[in-house]
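Next comes run-v9.txt, with compact mmCIF, C-alpha atoms.
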# COMPACT_ATOMS: atom_id res chain seq x y z
CA MET F 1 115.89 68.95 77.11
CA TYR F 2 116.16 65.39 78.41
CA LYS F 3 113.54 66.09 81.10
CA HIS F 4 111.20 67.44 78.42
CA VAL F 5 111.71 64.36 76.20
CA LEU F 6 111.33 62.05 79.20
CA GLY F 7 108.11 63.83 80.20
CA ILE F 8 106.69 63.48 76.69
CA SER F 9 107.73 59.82 76.60
CA LEU F 10 106.02 59.13 79.93
CA LEU F 11 102.90 60.93 78.73
CA LEU F 12 102.81 58.86 75.54
CA VAL F 13 103.31 55.63 77.52
CA ALA F 14 100.53 56.66 79.92
CA SER F 15 98.26 57.49 76.96
CA GLY F 16 98.95 54.05 75.48
CA VAL F 17 98.26 52.38 78.82
CA GLN F 18 95.02 54.33 79.16
CA ALA F 19 93.92 53.51 75.58
CA ASP F 20 94.57 49.81 76.20
CA SER F 21 92.78 50.04 79.54
CA VAL F 22 89.75 51.70 77.92
CA GLN F 23 89.55 48.89 75.35
CA GLN F 24 89.83 46.24 78.08
CA SER F 25 87.23 48.08 80.18
CA ARG F 26 84.76 48.15 77.30
CA ILE F 27 85.14 44.39 76.89
CA VAL F 28 84.69 43.72 80.61
CA VAL F 29 81.63 45.99 80.82
CA LYS F 30 80.13 44.43 77.68
CA ASN F 31 80.61 40.96 79.19
CA PHE F 32 79.14 42.05 82.53
CA MET F 33 76.21 43.78 80.81
CA GLY F 34 75.58 40.77 78.57
CA GLU F 35 75.60 38.27 81.40
CA LEU F 36 73.41 40.48 83.59
CA LYS F 37 70.92 41.08 80.77
CA SER F 38 70.76 37.36 80.00
CA GLU F 39 69.98 36.59 83.66
CA LEU F 40 67.36 39.34 83.83
CA VAL F 41 65.61 38.19 80.65
CA ALA F 42 65.49 34.59 81.92
CA ALA F 43 64.14 35.72 85.32
CA MET F 44 61.49 37.93 83.70
CA LYS F 45 60.34 35.04 81.51
CA SER F 46 60.14 32.60 84.41
CA GLY F 47 58.56 34.83 87.04
CA GLY F 48 58.17 38.43 85.95
CA PRO F 49 59.62 41.53 87.60
CA VAL F 50 59.32 40.18 91.14
CA ASN F 51 61.55 37.27 90.15
CA ALA F 52 63.99 39.55 88.33
CA ILE F 53 64.70 41.51 91.53
CA ASP F 54 66.77 38.54 92.76
CA VAL F 55 69.05 38.91 89.75
CA CYS F 56 70.03 42.45 90.72
CA ASN F 57 70.10 41.58 94.43
CA ILE F 58 72.03 38.30 94.34
CA LYS F 59 73.38 37.50 90.89
CA ALA F 60 74.69 40.93 89.81
CA PRO F 61 77.20 41.18 92.69
CA ALA F 62 78.33 37.59 92.00
CA ILE F 63 78.77 38.35 88.28
CA ALA F 64 80.76 41.49 89.17
CA GLU F 65 83.02 39.51 91.49
CA GLU F 66 83.57 36.81 88.85
CA MET F 67 84.37 39.41 86.17
CA SER F 68 86.70 41.26 88.54
CA LYS F 69 88.71 38.11 89.26
CA LYS F 70 88.73 36.97 85.65
CA HIS F 71 89.98 40.30 84.27
CA GLY F 72 92.13 41.55 87.16
CA VAL F 73 89.99 44.64 87.78
CA LYS F 74 87.34 45.79 90.23
CA ILE F 75 83.96 46.24 88.53
CA SER F 76 80.61 47.16 90.01
CA ARG F 77 77.57 49.37 89.47
CA THR F 78 76.67 52.68 91.04
CA SER F 79 74.06 55.41 90.70
CA LEU F 80 72.99 58.83 91.89
CA LYS F 81 69.69 57.24 92.95
CA LEU F 82 70.71 54.16 94.91
CA ARG F 83 68.74 51.06 95.56
CA ASN F 84 71.54 49.10 97.22
CA GLN F 85 73.62 51.15 99.65
CA ALA F 86 76.60 48.84 98.97
CA ASN F 87 76.81 50.50 95.53
CA LYS F 88 77.23 54.03 96.89
CA PRO F 89 79.48 56.08 94.59
CA ASP F 90 82.85 57.28 95.86
CA ALA F 91 83.86 60.92 95.27
CA TRP F 92 85.30 60.21 91.81
CA GLU F 93 82.24 58.22 90.71
CA LEU F 94 79.91 60.92 92.02
CA LYS F 95 81.77 63.55 89.99
CA VAL F 96 81.54 61.42 86.82
CA LEU F 97 77.86 60.57 87.35
CA ASN F 98 77.08 64.29 87.67
CA ARG F 99 79.08 64.98 84.48
CA PHE F 100 77.06 62.28 82.72
CA GLU F 101 73.85 64.04 83.77
CA THR F 102 75.19 67.34 82.40
CA ARG F 103 76.14 65.65 79.13
CA LYS F 104 72.64 64.14 78.87
CA THR F 105 71.08 67.56 79.46
CA LYS F 106 73.15 68.87 76.53
CA GLY F 107 71.68 66.14 74.29
CA GLU F 108 74.36 63.45 74.32
CA ASN F 109 73.12 59.88 73.86
CA VAL F 110 73.36 58.01 77.17
CA LYS F 111 74.30 54.78 75.36
CA ASN F 112 77.58 56.35 74.24
CA MET F 113 78.62 57.93 77.53
CA GLU F 114 81.86 56.79 79.09
CA PHE F 115 84.72 58.43 80.93
CA SER F 116 88.17 57.33 82.00
CA GLU F 117 91.29 58.72 83.58
CA VAL F 118 94.30 57.71 85.63
CA VAL F 119 94.10 59.11 89.15
CA SER F 120 96.36 58.95 92.17
CA GLN F 121 94.90 57.03 95.10
CA LYS F 122 96.94 56.50 98.26
CA GLY F 123 100.11 57.29 96.33
CA LYS F 124 99.40 54.80 93.53
CA ASN F 125 98.17 55.33 89.99
CA VAL F 126 94.76 53.83 89.37
CA PHE F 127 92.93 53.64 86.05
CA ARG F 128 89.24 54.52 86.52
CA TYR F 129 86.49 53.94 83.95
CA MET F 130 82.73 54.46 83.93
CA LYS F 131 80.09 53.58 81.35
CA ALA F 132 76.59 55.01 81.73
CA ILE F 133 73.64 52.63 81.98
CA PRO F 134 70.62 53.91 80.05
CA THR F 135 67.18 53.15 81.46
CA GLY F 136 65.57 50.70 79.06
CA LYS F 137 61.95 49.59 78.92
CA PRO F 138 62.51 46.45 81.06
CA CYS F 139 64.19 48.61 83.76
CA LEU F 140 60.93 50.50 84.23
CA ASN F 141 59.30 47.42 85.81
CA CYS F 142 61.29 48.17 88.97
CA HIS F 143 62.61 51.71 88.51
CA ALA F 144 59.68 53.80 87.19
CA THR F 145 57.31 56.00 89.16
CA GLU F 146 54.44 53.54 88.72
CA ILE F 147 55.45 50.04 89.91
CA GLU F 148 53.30 46.96 90.56
CA PRO F 149 52.41 46.49 94.26
CA ALA F 150 54.10 43.05 94.43
CA VAL F 151 57.33 44.58 93.10
CA ILE F 152 57.12 47.46 95.59
CA SER F 153 56.59 44.98 98.41
CA LYS F 154 59.68 42.93 97.55
CA LEU F 155 61.83 46.01 96.93
CA SER F 156 60.78 47.49 100.27
CA LYS F 157 61.81 44.30 102.09
CA LEU F 158 65.19 44.02 100.36
CA TYR F 159 66.01 47.74 100.11
CA PRO F 160 64.40 49.81 102.89
CA GLN F 161 66.37 52.91 101.77
CA ASP F 162 65.51 52.50 98.07
CA LYS F 163 65.87 55.72 96.05
CA ALA F 164 66.07 54.08 92.60
CA ARG F 165 62.59 54.94 91.40
CA GLY F 166 61.07 57.62 89.22
CA PHE F 167 63.17 56.89 86.14
CA LYS F 168 61.92 57.45 82.60
CA LEU F 169 62.97 55.71 79.40
CA GLY F 170 66.41 56.97 78.38
CA ASP F 171 67.39 58.37 81.78
CA ILE F 172 70.79 57.51 83.23
CA ARG F 173 69.98 54.61 85.53
CA GLY F 174 73.54 54.53 86.83
CA ALA F 175 76.89 53.36 85.57
CA PHE F 176 79.23 50.45 85.44
CA THR F 177 82.42 51.45 87.23
CA LEU F 178 85.79 49.81 86.89
CA SER F 179 89.22 50.38 88.40
CA LYS F 180 92.65 48.80 88.27
CA ALA F 181 96.11 49.66 89.49
CA VAL F 182 98.56 50.81 86.82
CA GLU F 183 102.32 50.93 86.98
Go ahead and express the file in the form of structure tokens.
Amino acid sequence: MYKHVLGISLLLVASGVQADSVQQSRIVVKNFMGELKSELVAAMKSGGPVNAIDVCNIKAPAIAEEMSKKHGVKISRTSLKLRNQANKPDAWELKVLNRFETRKTKGENVKNMEFSEVVSQKGKNVFRYMKAIPTGKPCLNCHATEIEPAVISKLSKLYPQDKARGFKLGDIRGAFTLSKAVE
């Protein structure tokens, strides 16, 4: 009986930890998204889509690093159709991205898609969280099928293995991904 009660207690504690972690993750992602969007809007206003490419290339990784340090997590972006090979999804992220695509096919709104769980990695418990990134109208300047030649030129120089094109409004552009060790 004590083992059963202990098991239930541990499960409830883990559920509480995960619920708190989900709330924290939502805040971190919202901050990351807000800062990134602000930078992209400013870059678009000052120099159009060609100028905005530098935000995703240079500023987004810096924002992710700053947010990671500030919140004690690791946050980044990933996608099934990569532009930057440094953002390649790991096995867990790949599984979740594919689940997101299935959920979208079944009619779920991409804006609401998220997933989290505690997994074991190298013998340690790690909280993992992903939030889908819907393709918005501004994203299509660099991620659609039809892209301005100047944008294509800059993307080709920065990302010779670019696969992040051909998106339509409302597609899953990728996801914010976050992880942190749990005790």
Item checked: Nearest candidate to F:Leu80 (options F:Ala144, F:Ala60, F:Val118, F:Val96; using only C-alpha atoms) ->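 Distance minimum relative to F:Leu80 lands on F:Val96.
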Note to self: Set the distance at 10 Å and use only C-alpha atoms: which residues neighbour F:Ser25 once local chain neighbours fewer than 4 positions away are removed? I'd like the list as a list in words.
What the structure shows: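 Final neighbour list, sorted by chain and number: Ala19, Asp20, Ser21, Val29, Lys30, Asn31, His71, Val73, Ile75, Ser116, Phe127, Arg128, Tyr129, Met130, Lys131, Phe176, Thr177, Leu178, Ser179 and Lys180 of chain F.
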Check: To one decimal place, how far is atom CA of F:Pro149 from atom CA of F:Ser46 in Å?
Finding: 18.7 Å
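For F:Ala91, the list of residues within 12 Å, based on all atoms listed in the file and with local chain neighbours fewer than 4 positions off taken out, reads Thr78, Leu80, Lys95, Val96, Leu97, Asn98 and Gln121 of chain F.
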Note to self: Residues near F:Cys142, anyone? I mean within 8 Å using all atoms listed in the file, not counting same-chain ones fewer than 5 positions away, as a ChimeraX atom specification.
What the structure shows: /F:49,53,147,151-152,165
Give me a file of those residues, with C-alpha atoms, as a PDB file, in the coordinates of the input.
ATOM      1  CA  PRO F  49      59.620  41.530  87.600  1.00  0.00           C
ATOM      2  CA  ILE F  53      64.700  41.510  91.530  1.00  0.00           C
ATOM      3  CA  ILE F 147      55.450  50.040  89.910  1.00  0.00           C
ATOM      4  CA  VAL F 151      57.330  44.580  93.100  1.00  0.00           C
ATOM      5  CA  ILE F 152      57.120  47.460  95.590  1.00  0.00           C
ATOM      6  CA  ARG F 165      62.590  54.940  91.400  1.00  0.00           C
TER       7      ARG F 165
END
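The space separating atom CA of F:Gly72 from atom CA of F:Ile27 comes to 12.7 Å.
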Notebook entry, point to check: Which residue, F:Arg77, F:Arg83, F:Lys111, F:Arg173, has the smallest gap to F:Lys157 when you use only C-alpha atoms?
Noted result: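 Comparing F:Arg77, F:Arg83, F:Lys111, F:Arg173 against F:Lys157, the winner is F:Arg83.
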Next item on the list: Check the smallest atom-to-atom distance from each of F:Val182, F:Gln161, F:Asn87, F:Ala42 to F:Val119 using only C-alpha atoms, then report the winner.
Entry: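 Comparing F:Val182, F:Gln161, F:Asn87, F:Ala42 against F:Val119, the winner is F:Val182.
Taking atom CA of F:Lys45 and atom CA of F:Ala175 as endpoints, the distance between them is 25.0 Å.
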Next item on the list: Check the smallest atom-to-atom distance from each of F:Leu158, F:Lys69, F:Val126, F:Met113 to F:Trp92 using only C-alpha atoms, then report the winner.
Entry: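 Closest to F:Trp92, using only C-alpha atoms: F:Val126.
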Might you pull out every residue within 12 Å of F:Asn57, with all atoms listed in the file counted and same-chain residues fewer than 6 positions away left off, and present them as a JSON list (two decimals) with C-alpha atoms, in the coordinates of the input?
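Just written: out_6.json:
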[["chain", "number", "residue", "atom", "x", "y", "z"],
["F", 36, "LEU", "CA", 73.41, 40.48, 83.59],
["F", 39, "GLU", "CA", 69.98, 36.59, 83.66],
["F", 40, "LEU", "CA", 67.36, 39.34, 83.83],
["F", 50, "VAL", "CA", 59.32, 40.18, 91.14],
["F", 51, "ASN", "CA", 61.55, 37.27, 90.15],
["F", 63, "ILE", "CA", 78.77, 38.35, 88.28],
["F", 64, "ALA", "CA", 80.76, 41.49, 89.17],
["F", 77, "ARG", "CA", 77.57, 49.37, 89.47],
["F", 83, "ARG", "CA", 68.74, 51.06, 95.56],
["F", 84, "ASN", "CA", 71.54, 49.10, 97.22],
["F", 85, "GLN", "CA", 73.62, 51.15, 99.65],
["F", 86, "ALA", "CA", 76.60, 48.84, 98.97],
["F", 87, "ASN", "CA", 76.81, 50.50, 95.53],
["F", 154, "LYS", "CA", 59.68, 42.93, 97.55],
["F", 155, "LEU", "CA", 61.83, 46.01, 96.93],
["F", 157, "LYS", "CA", 61.81, 44.30, 102.09],
["F", 158, "LEU", "CA", 65.19, 44.02, 100.36],
["F", 159, "TYR", "CA", 66.01, 47.74, 100.11]]
Margin query: Can you pull out the residues contacting F:Ala164? Cut-off 8 Å, using all atoms listed in the file, and skip same-chain residues under 2 positions away; I want them as a PyMOL selection string.
Written below: chain F and resi 81-83+143+162+166-167
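Proximity ranking of F:Ala181, F:Lys163, F:Lys74, F:Met67 relative to F:Gly34 places F:Met67 first, based on all atoms listed in the file.
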Next item on the list: Name the residues, using the chain letters and numbers of the file, that sit within 12 Å of (72.7, 64.2, 80.8) when counting only C-alpha atoms, and give them as a PyMOL selection string.
Entry: chain F and resi 96-114+132-134+170-174
Would you mind putting N, CA and C atoms back on stretch 131-149 of chain F and writing the result as a tab-separated table (two decimals), keeping the file's coordinate frame?
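To be explicit, this is the file written out as selection_0.tsv:
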chain	number	residue	atom	x	y	z
F	131	LYS	N	80.96	53.67	82.52
F	131	LYS	CA	80.09	53.58	81.35
F	131	LYS	C	78.66	53.74	81.84
F	132	ALA	N	77.96	54.74	81.32
F	132	ALA	CA	76.59	55.01	81.73
F	132	ALA	C	75.66	53.85	81.37
F	133	ILE	N	74.67	53.65	82.22
F	133	ILE	CA	73.64	52.63	81.98
F	133	ILE	C	72.34	53.36	81.65
F	134	PRO	N	71.89	53.25	80.39
F	134	PRO	CA	70.62	53.91	80.05
F	134	PRO	C	69.44	53.11	80.60
F	135	THR	N	68.39	53.81	80.99
F	135	THR	CA	67.18	53.15	81.46
F	135	THR	C	66.41	52.65	80.25
F	136	GLY	N	66.32	51.32	80.14
F	136	GLY	CA	65.57	50.70	79.06
F	136	GLY	C	64.16	50.35	79.52
F	137	LYS	N	63.35	49.92	78.59
F	137	LYS	CA	61.95	49.59	78.92
F	137	LYS	C	61.84	48.54	80.03
F	138	PRO	N	62.62	47.44	79.98
F	138	PRO	CA	62.51	46.45	81.06
F	138	PRO	C	62.86	47.01	82.44
F	139	CYS	N	63.77	48.00	82.48
F	139	CYS	CA	64.19	48.61	83.76
F	139	CYS	C	63.01	49.27	84.47
F	140	LEU	N	62.05	49.75	83.67
F	140	LEU	CA	60.93	50.50	84.23
F	140	LEU	C	60.00	49.63	85.09
F	141	ASN	N	60.10	48.31	84.96
F	141	ASN	CA	59.30	47.42	85.81
F	141	ASN	C	59.62	47.62	87.29
F	142	CYS	N	60.86	48.01	87.58
F	142	CYS	CA	61.29	48.17	88.97
F	142	CYS	C	61.80	49.57	89.30
F	143	HIS	N	61.98	50.41	88.28
F	143	HIS	CA	62.61	51.71	88.51
F	143	HIS	C	61.76	52.91	88.09
F	144	ALA	N	60.55	52.70	87.62
F	144	ALA	CA	59.68	53.80	87.19
F	144	ALA	C	58.98	54.44	88.39
F	145	THR	N	58.12	55.39	88.11
F	145	THR	CA	57.31	56.00	89.16
F	145	THR	C	56.17	55.06	89.54
F	146	GLU	N	55.54	54.49	88.52
F	146	GLU	CA	54.44	53.54	88.72
F	146	GLU	C	54.99	52.12	88.68
F	147	ILE	N	54.92	51.41	89.81
F	147	ILE	CA	55.45	50.04	89.91
F	147	ILE	C	54.37	49.16	90.52
F	148	GLU	N	54.30	47.91	90.04
F	148	GLU	CA	53.30	46.96	90.56
F	148	GLU	C	53.46	46.79	92.08
F	149	PRO	N	52.35	46.64	92.80
F	149	PRO	CA	52.41	46.49	94.26
F	149	PRO	C	53.29	45.32	94.73
